[in-house]
file upload.cif (mmCIF, C-alpha atoms)
data_query
#
loop_
_atom_site.group_PDB
_atom_site.id
_atom_site.type_symbol
_atom_site.label_atom_id
_atom_site.label_comp_id
_atom_site.auth_asym_id
_atom_site.auth_seq_id
_atom_site.Cartn_x
_atom_site.Cartn_y
_atom_site.Cartn_z
ATOM 1 C CA MET A 1 19.435 -3.151 -13.796
ATOM 2 C CA LYS A 2 15.998 -1.946 -14.791
ATOM 3 C CA LEU A 3 14.838 0.950 -12.635
ATOM 4 C CA VAL A 4 11.545 2.814 -12.366
ATOM 5 C CA VAL A 5 12.026 6.463 -11.369
ATOM 6 C CA ILE A 6 8.921 8.229 -10.043
ATOM 7 C CA GLY A 7 9.136 12.014 -9.955
ATOM 8 C CA ALA A 8 11.692 11.998 -12.766
ATOM 9 C CA THR A 9 10.940 15.562 -13.919
ATOM 10 C CA GLY A 10 11.828 17.065 -10.534
ATOM 11 C CA ARG A 11 15.298 18.416 -9.833
ATOM 12 C CA THR A 12 16.379 15.339 -7.861
ATOM 13 C CA GLY A 13 14.565 12.929 -10.175
ATOM 14 C CA ARG A 14 16.399 14.286 -13.209
ATOM 15 C CA GLU A 15 19.714 13.650 -11.450
ATOM 16 C CA VAL A 16 18.699 10.058 -10.649
ATOM 17 C CA VAL A 17 17.726 9.420 -14.287
ATOM 18 C CA GLU A 18 20.913 10.943 -15.708
ATOM 19 C CA GLN A 19 23.231 9.122 -13.304
ATOM 20 C CA ALA A 20 21.402 5.795 -13.689
ATOM 21 C CA LEU A 21 21.796 5.996 -17.455
ATOM 22 C CA ALA A 22 25.472 6.980 -17.063
ATOM 23 C CA ARG A 23 25.947 3.864 -14.919
ATOM 24 C CA GLY A 24 24.479 1.678 -17.668
ATOM 25 C CA HIS A 25 21.031 0.966 -16.215
ATOM 26 C CA GLN A 26 17.754 0.872 -18.092
ATOM 27 C CA VAL A 27 15.381 3.532 -16.785
ATOM 28 C CA THR A 28 11.627 3.913 -16.967
ATOM 29 C CA ALA A 29 10.666 7.469 -16.035
ATOM 30 C CA PHE A 30 7.086 7.530 -14.719
ATOM 31 C CA VAL A 31 5.978 11.159 -14.945
ATOM 32 C CA ARG A 32 2.915 13.351 -14.987
ATOM 33 C CA SER A 33 4.346 15.568 -17.751
ATOM 34 C CA PRO A 34 6.536 13.687 -20.273
ATOM 35 C CA GLU A 35 7.466 16.953 -21.990
ATOM 36 C CA GLY A 36 9.500 17.739 -18.864
ATOM 37 C CA ILE A 37 12.039 15.058 -19.871
ATOM 38 C CA LYS A 38 14.401 16.494 -22.459
ATOM 39 C CA LEU A 39 16.904 13.643 -22.240
ATOM 40 C CA LYS A 40 17.078 11.170 -25.119
ATOM 41 C CA ASN A 41 18.673 7.764 -24.579
ATOM 42 C CA GLU A 42 18.008 4.307 -25.996
ATOM 43 C CA ARG A 43 17.872 2.918 -22.435
ATOM 44 C CA LEU A 44 15.305 5.520 -21.295
ATOM 45 C CA THR A 45 11.555 4.903 -21.532
ATOM 46 C CA VAL A 46 9.159 7.681 -20.557
ATOM 47 C CA ILE A 47 5.651 6.719 -19.388
ATOM 48 C CA LYS A 48 2.974 9.282 -18.628
ATOM 49 C CA GLY A 49 0.940 8.499 -15.535
ATOM 50 C CA ASN A 50 -0.418 9.506 -12.164
ATOM 51 C CA ALA A 51 1.744 8.482 -9.178
ATOM 52 C CA MET A 52 -1.427 7.939 -7.148
ATOM 53 C CA ASP A 53 -2.872 5.419 -9.628
ATOM 54 C CA GLU A 54 -1.848 1.902 -8.578
ATOM 55 C CA ASP A 55 -2.972 0.300 -11.859
ATOM 56 C CA GLN A 56 -0.893 2.666 -14.010
ATOM 57 C CA LEU A 57 2.110 2.157 -11.752
ATOM 58 C CA ALA A 58 1.783 -1.645 -11.726
ATOM 59 C CA ASN A 59 1.708 -1.711 -15.533
ATOM 60 C CA ALA A 60 4.801 0.504 -15.754
ATOM 61 C CA MET A 61 6.702 -1.592 -13.189
ATOM 62 C CA GLN A 62 6.444 -4.953 -14.936
ATOM 63 C CA ASN A 63 9.845 -6.667 -15.352
ATOM 64 C CA HIS A 64 11.827 -4.089 -13.382
ATOM 65 C CA ASP A 65 14.303 -4.617 -10.530
ATOM 66 C CA ALA A 66 13.843 -1.585 -8.284
ATOM 67 C CA VAL A 67 11.882 1.633 -7.787
ATOM 68 C CA VAL A 68 13.215 5.083 -6.857
ATOM 69 C CA SER A 69 10.737 7.752 -5.753
ATOM 70 C CA THR A 70 11.904 11.353 -5.573
ATOM 71 C CA LEU A 71 8.413 12.812 -5.234
ATOM 72 C CA GLY A 72 8.004 16.017 -3.274
ATOM 73 C CA PRO A 73 5.331 18.685 -2.991
ATOM 74 C CA ARG A 74 5.404 21.702 -5.289
ATOM 75 C CA GLU A 75 4.284 23.888 -2.384
ATOM 76 C CA VAL A 76 5.502 22.736 1.041
ATOM 77 C CA PHE A 77 3.130 24.957 3.020
ATOM 78 C CA LYS A 78 -0.188 23.711 1.616
ATOM 79 C CA PRO A 79 -2.050 20.801 3.237
ATOM 80 C CA THR A 80 -1.651 17.706 1.077
ATOM 81 C CA SER A 81 -1.699 13.923 1.253
ATOM 82 C CA MET A 82 0.151 13.452 -2.044
ATOM 83 C CA LEU A 83 3.187 11.677 -0.571
ATOM 84 C CA HIS A 84 1.064 9.355 1.563
ATOM 85 C CA ASP A 85 -1.346 8.548 -1.280
ATOM 86 C CA SER A 86 1.431 7.955 -3.807
ATOM 87 C CA ALA A 87 3.317 5.718 -1.330
ATOM 88 C CA PHE A 88 0.151 3.662 -0.929
ATOM 89 C CA ALA A 89 -0.154 3.288 -4.720
ATOM 90 C CA ILE A 90 3.574 2.671 -5.283
ATOM 91 C CA THR A 91 3.921 -0.052 -2.649
ATOM 92 C CA GLY A 92 0.717 -1.744 -3.808
ATOM 93 C CA ALA A 93 1.899 -1.657 -7.419
ATOM 94 C CA MET A 94 5.306 -3.059 -6.444
ATOM 95 C CA GLN A 95 3.695 -6.011 -4.711
ATOM 96 C CA ARG A 96 1.590 -6.689 -7.801
ATOM 97 C CA ALA A 97 4.654 -6.405 -10.069
ATOM 98 C CA GLY A 98 6.814 -8.571 -7.796
ATOM 99 C CA ILE A 99 9.409 -5.861 -7.047
ATOM 100 C CA LYS A 100 10.935 -5.735 -3.557
ATOM 101 C CA ARG A 101 13.487 -2.898 -3.710
ATOM 102 C CA LEU A 102 12.358 0.675 -3.036
ATOM 103 C CA VAL A 103 14.361 3.818 -2.278
ATOM 104 C CA VAL A 104 12.338 6.914 -1.366
ATOM 105 C CA LEU A 105 13.097 10.542 -0.610
ATOM 106 C CA SER A 106 12.017 11.996 2.735
ATOM 107 C CA ALA A 107 13.435 14.797 4.935
ATOM 108 C CA ALA A 108 16.111 15.185 7.626
ATOM 109 C CA ALA A 109 13.688 17.377 9.594
ATOM 110 C CA HIS A 110 12.128 14.162 10.941
ATOM 111 C CA PHE A 111 15.261 13.511 13.007
ATOM 112 C CA PRO A 112 15.286 14.931 16.569
ATOM 113 C CA GLY A 113 16.924 18.292 17.303
ATOM 114 C CA ILE A 114 15.970 21.955 17.697
ATOM 115 C CA PRO A 115 16.662 23.070 14.083
ATOM 116 C CA ASN A 116 14.623 20.123 12.828
ATOM 117 C CA ARG A 117 11.772 20.955 15.208
ATOM 118 C CA ILE A 118 11.711 24.499 13.832
ATOM 119 C CA ALA A 119 11.714 23.255 10.230
ATOM 120 C CA SER A 120 8.981 20.747 11.063
ATOM 121 C CA LEU A 121 6.854 23.520 12.546
ATOM 122 C CA ILE A 122 7.316 25.826 9.563
ATOM 123 C CA MET A 123 6.629 23.062 7.036
ATOM 124 C CA ARG A 124 4.225 21.099 9.213
ATOM 125 C CA ASN A 125 1.855 20.164 6.366
ATOM 126 C CA HIS A 126 4.668 18.699 4.280
ATOM 127 C CA MET A 127 6.228 17.026 7.329
ATOM 128 C CA ARG A 128 2.941 15.399 8.312
ATOM 129 C CA ASP A 129 2.519 14.049 4.787
ATOM 130 C CA SER A 130 6.085 12.761 4.439
ATOM 131 C CA LEU A 131 5.926 11.035 7.843
ATOM 132 C CA ALA A 132 2.677 9.348 6.782
ATOM 133 C CA MET A 133 4.478 8.284 3.589
ATOM 134 C CA GLU A 134 7.322 6.760 5.626
ATOM 135 C CA GLU A 135 4.835 4.730 7.674
ATOM 136 C CA VAL A 136 3.242 3.305 4.510
ATOM 137 C CA VAL A 137 6.658 2.422 3.058
ATOM 138 C CA GLN A 138 7.762 0.673 6.266
ATOM 139 C CA GLY A 139 4.551 -1.314 6.608
ATOM 140 C CA ASN A 140 4.590 -3.270 3.358
ATOM 141 C CA GLY A 141 7.303 -5.901 3.775
ATOM 142 C CA LEU A 142 9.461 -4.404 1.005
ATOM 143 C CA ASP A 143 13.236 -3.952 0.957
ATOM 144 C CA TRP A 144 12.920 -0.202 1.487
ATOM 145 C CA THR A 145 15.434 2.531 2.170
ATOM 146 C CA ILE A 146 14.219 5.967 3.286
ATOM 147 C CA ALA A 147 16.689 8.752 2.440
ATOM 148 C CA ARG A 148 16.496 11.804 4.723
ATOM 149 C CA PRO A 149 18.653 14.645 3.377
ATOM 150 C CA PRO A 150 18.828 18.209 4.761
ATOM 151 C CA ARG A 151 18.460 21.305 2.551
ATOM 152 C CA LEU A 152 19.130 20.342 -1.069
ATOM 153 C CA THR A 153 21.332 22.423 -3.371
ATOM 154 C CA GLN A 154 22.307 22.498 -7.051
ATOM 155 C CA GLU A 155 26.021 22.174 -6.288
ATOM 156 C CA ASN A 156 28.187 19.966 -8.459
ATOM 157 C CA TYR A 157 29.574 17.107 -6.357
ATOM 158 C CA LEU A 158 28.720 13.433 -5.830
ATOM 159 C CA THR A 159 30.231 12.684 -2.419
ATOM 160 C CA TYR A 160 28.132 12.309 0.717
ATOM 161 C CA ARG A 161 28.200 11.120 4.325
ATOM 162 C CA ASN A 162 25.476 8.853 5.649
ATOM 163 C CA ARG A 163 24.307 7.417 8.976
ATOM 164 C CA GLU A 164 21.626 4.818 9.511
ATOM 165 C CA GLY A 165 18.957 6.066 11.892
ATOM 166 C CA ALA A 166 20.471 9.522 12.399
ATOM 167 C CA ALA A 167 21.625 12.640 10.588
ATOM 168 C CA PRO A 168 25.386 12.976 9.946
ATOM 169 C CA ARG A 169 26.938 15.476 12.350
ATOM 170 C CA MET A 170 27.040 19.078 11.141
ATOM 171 C CA GLY A 171 25.281 18.108 7.944
ATOM 172 C CA PHE A 172 23.272 21.139 6.899
ATOM 173 C CA SER A 173 23.001 20.692 3.137
ATOM 174 C CA LEU A 174 23.477 18.206 0.316
ATOM 175 C CA ALA A 175 23.770 18.488 -3.453
ATOM 176 C CA ARG A 176 20.949 16.851 -5.396
ATOM 177 C CA LYS A 177 23.655 15.113 -7.454
ATOM 178 C CA ALA A 178 25.044 13.538 -4.280
ATOM 179 C CA LEU A 179 21.567 12.506 -3.123
ATOM 180 C CA ALA A 180 20.975 10.787 -6.459
ATOM 181 C CA ALA A 181 24.342 9.042 -6.144
ATOM 182 C CA PHE A 182 23.396 7.765 -2.674
ATOM 183 C CA MET A 183 20.038 6.438 -3.887
ATOM 184 C CA LEU A 184 21.648 4.536 -6.757
ATOM 185 C CA ASP A 185 24.551 3.310 -4.585
ATOM 186 C CA ALA A 186 22.052 1.898 -2.057
ATOM 187 C CA ILE A 187 20.431 -0.147 -4.825
ATOM 188 C CA GLU A 188 23.624 -1.274 -6.563
ATOM 189 C CA GLN A 189 25.440 -2.161 -3.338
ATOM 190 C CA LYS A 190 22.378 -3.796 -1.730
ATOM 191 C CA LYS A 191 22.778 -1.624 1.378
ATOM 192 C CA HIS A 192 20.484 -0.034 3.981
ATOM 193 C CA PHE A 193 17.645 -2.563 3.661
ATOM 194 C CA GLN A 194 14.705 -1.466 5.810
ATOM 195 C CA LYS A 195 16.695 1.489 7.179
ATOM 196 C CA ILE A 196 16.100 5.214 7.513
ATOM 197 C CA VAL A 197 19.326 6.913 6.462
ATOM 198 C CA GLY A 198 20.496 10.459 7.121
ATOM 199 C CA ILE A 199 22.661 11.875 4.336
ATOM 200 C CA ALA A 200 24.613 15.127 4.164
ATOM 201 C CA LYS A 201 27.608 16.828 2.570
#
call {"tool": "encode", "arguments": {"input": "upload.cif", "output": "structure tokens"}}
result
Amino acid sequence: MKLVVIGATGRTGREVVEQALARGHQVTAFVRSPEGIKLKNERLTVIKGNAMDEDQLANAMQNHDAVVSTLGPREVFKPTSMLHDSAFAITGAMQRAGIKRLVVLSAAAHFPGIPNRIASLIMRNHMRDSLAMEEVVQGNGLDWTIARPPRLTQENYLTYRNREGAAPRMGFSLARKALAAFMLDAIEQKKHFQKIVGIAK
């Protein structure tokens, strides 16, 4: 498959790119800073661009099968509309490019529960932005999957548990490698269409 990865220089985005290439896919990494991609592979194309620019995104997405967005804020406490604005540009670009499949990264803190309420309060600016992003993604008629992991770690495993519409029980963390595996599995296995999915270790 031909995949566009947005946010490919982030810690989760790098995992998605590496695993997608290992699985034999062609990858277009759409990034703000191409120098952040050290990987070299004949199936990897790196395009510099702004994830809030629909025209740049639409050009990069031509002749691709699916889009993965692992965008997240650099500072979770500052007010921002980056996730909402980029979702608006990404979904618009996908419609122009004729791509239906989208997998995006969100946060488990949007699920109900006391710990999530506390996290949402502490990171309320980021939570407000990511919830606005989810609404944009759900409102565009695409085959979307919203991945909501808990705290992400740099551990070295690929296994995960997932539940549609809820967080897995006692799921307090998840390796970025496992999150990347879930995102690619959802695309390859044609699963979780138009579903919010909780994922955890």
call {"tool": "residues_around", "arguments": {"input": "upload.cif", "residues": "range 56-71 of chain A", "least_positions_apart": "2", "cutoff": "6 Å", "atoms": "only C-alpha atoms", "output": "list of chain:residue names"}}
result
A:Lys2, A:Leu3, A:Val4, A:Val5, A:Ile6, A:Gly7, A:Gly13, A:Asp53, A:Glu54, A:Ala93, A:Ala97, A:Arg101, A:Leu102, A:Val103, A:Val104, A:Leu105
call {"tool": "residues_around", "arguments": {"input": "upload.cif", "residues": "range 164-175 of chain A", "least_positions_apart": "4", "cutoff": "12 Å", "atoms": "all atoms listed in the file", "output": "PyMOL selection string"}}
result
chain A and resi 11-12+15+107-113+115-116+145-160+179-182+186+191-201
call {"tool": "write_last_selection", "arguments": {"input": "upload.cif", "atoms": "C-alpha atoms", "output": "mmCIF file, in the frame of the given file"}}
result
data_model
loop_
_atom_site.group_PDB
_atom_site.id
_atom_site.type_symbol
_atom_site.label_atom_id
_atom_site.label_comp_id
_atom_site.auth_asym_id
_atom_site.auth_seq_id
_atom_site.Cartn_x
_atom_site.Cartn_y
_atom_site.Cartn_z
ATOM 1 C CA ARG A 11 15.298 18.416 -9.833
ATOM 2 C CA THR A 12 16.379 15.339 -7.861
ATOM 3 C CA GLU A 15 19.714 13.650 -11.450
ATOM 4 C CA ALA A 107 13.435 14.797 4.935
ATOM 5 C CA ALA A 108 16.111 15.185 7.626
ATOM 6 C CA ALA A 109 13.688 17.377 9.594
ATOM 7 C CA HIS A 110 12.128 14.162 10.941
ATOM 8 C CA PHE A 111 15.261 13.511 13.007
ATOM 9 C CA PRO A 112 15.286 14.931 16.569
ATOM 10 C CA GLY A 113 16.924 18.292 17.303
ATOM 11 C CA PRO A 115 16.662 23.070 14.083
ATOM 12 C CA ASN A 116 14.623 20.123 12.828
ATOM 13 C CA THR A 145 15.434 2.531 2.170
ATOM 14 C CA ILE A 146 14.219 5.967 3.286
ATOM 15 C CA ALA A 147 16.689 8.752 2.440
ATOM 16 C CA ARG A 148 16.496 11.804 4.723
ATOM 17 C CA PRO A 149 18.653 14.645 3.377
ATOM 18 C CA PRO A 150 18.828 18.209 4.761
ATOM 19 C CA ARG A 151 18.460 21.305 2.551
ATOM 20 C CA LEU A 152 19.130 20.342 -1.069
ATOM 21 C CA THR A 153 21.332 22.423 -3.371
ATOM 22 C CA GLN A 154 22.307 22.498 -7.051
ATOM 23 C CA GLU A 155 26.021 22.174 -6.288
ATOM 24 C CA ASN A 156 28.187 19.966 -8.459
ATOM 25 C CA TYR A 157 29.574 17.107 -6.357
ATOM 26 C CA LEU A 158 28.720 13.433 -5.830
ATOM 27 C CA THR A 159 30.231 12.684 -2.419
ATOM 28 C CA TYR A 160 28.132 12.309 0.717
ATOM 29 C CA LEU A 179 21.567 12.506 -3.123
ATOM 30 C CA ALA A 180 20.975 10.787 -6.459
ATOM 31 C CA ALA A 181 24.342 9.042 -6.144
ATOM 32 C CA PHE A 182 23.396 7.765 -2.674
ATOM 33 C CA ALA A 186 22.052 1.898 -2.057
ATOM 34 C CA LYS A 191 22.778 -1.624 1.378
ATOM 35 C CA HIS A 192 20.484 -0.034 3.981
ATOM 36 C CA PHE A 193 17.645 -2.563 3.661
ATOM 37 C CA GLN A 194 14.705 -1.466 5.810
ATOM 38 C CA LYS A 195 16.695 1.489 7.179
ATOM 39 C CA ILE A 196 16.100 5.214 7.513
ATOM 40 C CA VAL A 197 19.326 6.913 6.462
ATOM 41 C CA GLY A 198 20.496 10.459 7.121
ATOM 42 C CA ILE A 199 22.661 11.875 4.336
ATOM 43 C CA ALA A 200 24.613 15.127 4.164
ATOM 44 C CA LYS A 201 27.608 16.828 2.570
#
call {"tool": "closest_residue", "arguments": {"input": "upload.cif", "among": "A:Glu35, A:Lys100, A:Pro79, A:Glu42", "to": "Trp144 in chain A", "atoms": "all atoms listed in the file"}}
result
A:Lys100
call {"tool": "resolve_selection", "arguments": {"input": "upload.cif", "expression": "the PyMOL selection byres ((chain A and resi 27) around 8)", "output": "number ranges by chain"}}
result
A: 2-5, 17, 20-21, 25-26, 28-29, 43-45
call {"tool": "closest_residue", "arguments": {"input": "upload.cif", "among": "A:Lys78, A:Arg163, A:Arg23, A:Arg14", "to": "Arg124 in chain A", "atoms": "all atoms listed in the file"}}
result
A:Lys78
call {"tool": "resolve_selection", "arguments": {"input": "upload.cif", "expression": "the PyMOL selection byres ((chain A and resi 88) around 12)", "output": "ChimeraX atom specification"}}
result
/A:51-55,57,81-87,89-95,132-140
call {"tool": "atom_distance", "arguments": {"input": "upload.cif", "atom1": "CA of Arg176 in chain A", "atom2": "CA of Pro73 in chain A"}}
result
15.9 Å
call {"tool": "atom_distance", "arguments": {"input": "upload.cif", "atom1": "CA of Leu39 in chain A", "atom2": "CA of Val16 in chain A"}}
result
12.3 Å
call {"tool": "atom_distance", "arguments": {"input": "upload.cif", "atom1": "CA of His126 in chain A", "atom2": "CA of Gly10 in chain A"}}
result
16.5 Å
call {"tool": "axis_aligned_box", "arguments": {"input": "upload.cif", "around": "range 164-174 of chain A", "padding_each_side": "6 Å", "output": "JSON"}}
result
{"center_x": 23.0, "center_y": 13.0, "center_z": 6.4, "size_x": 20.1, "size_y": 28.3, "size_z": 24.1}
call {"tool": "closest_residue", "arguments": {"input": "upload.cif", "among": "A:Pro34, A:Gly72, A:Gly141, A:Gly98", "to": "Asp129 in chain A", "atoms": "all atoms listed in the file"}}
result
A:Gly72
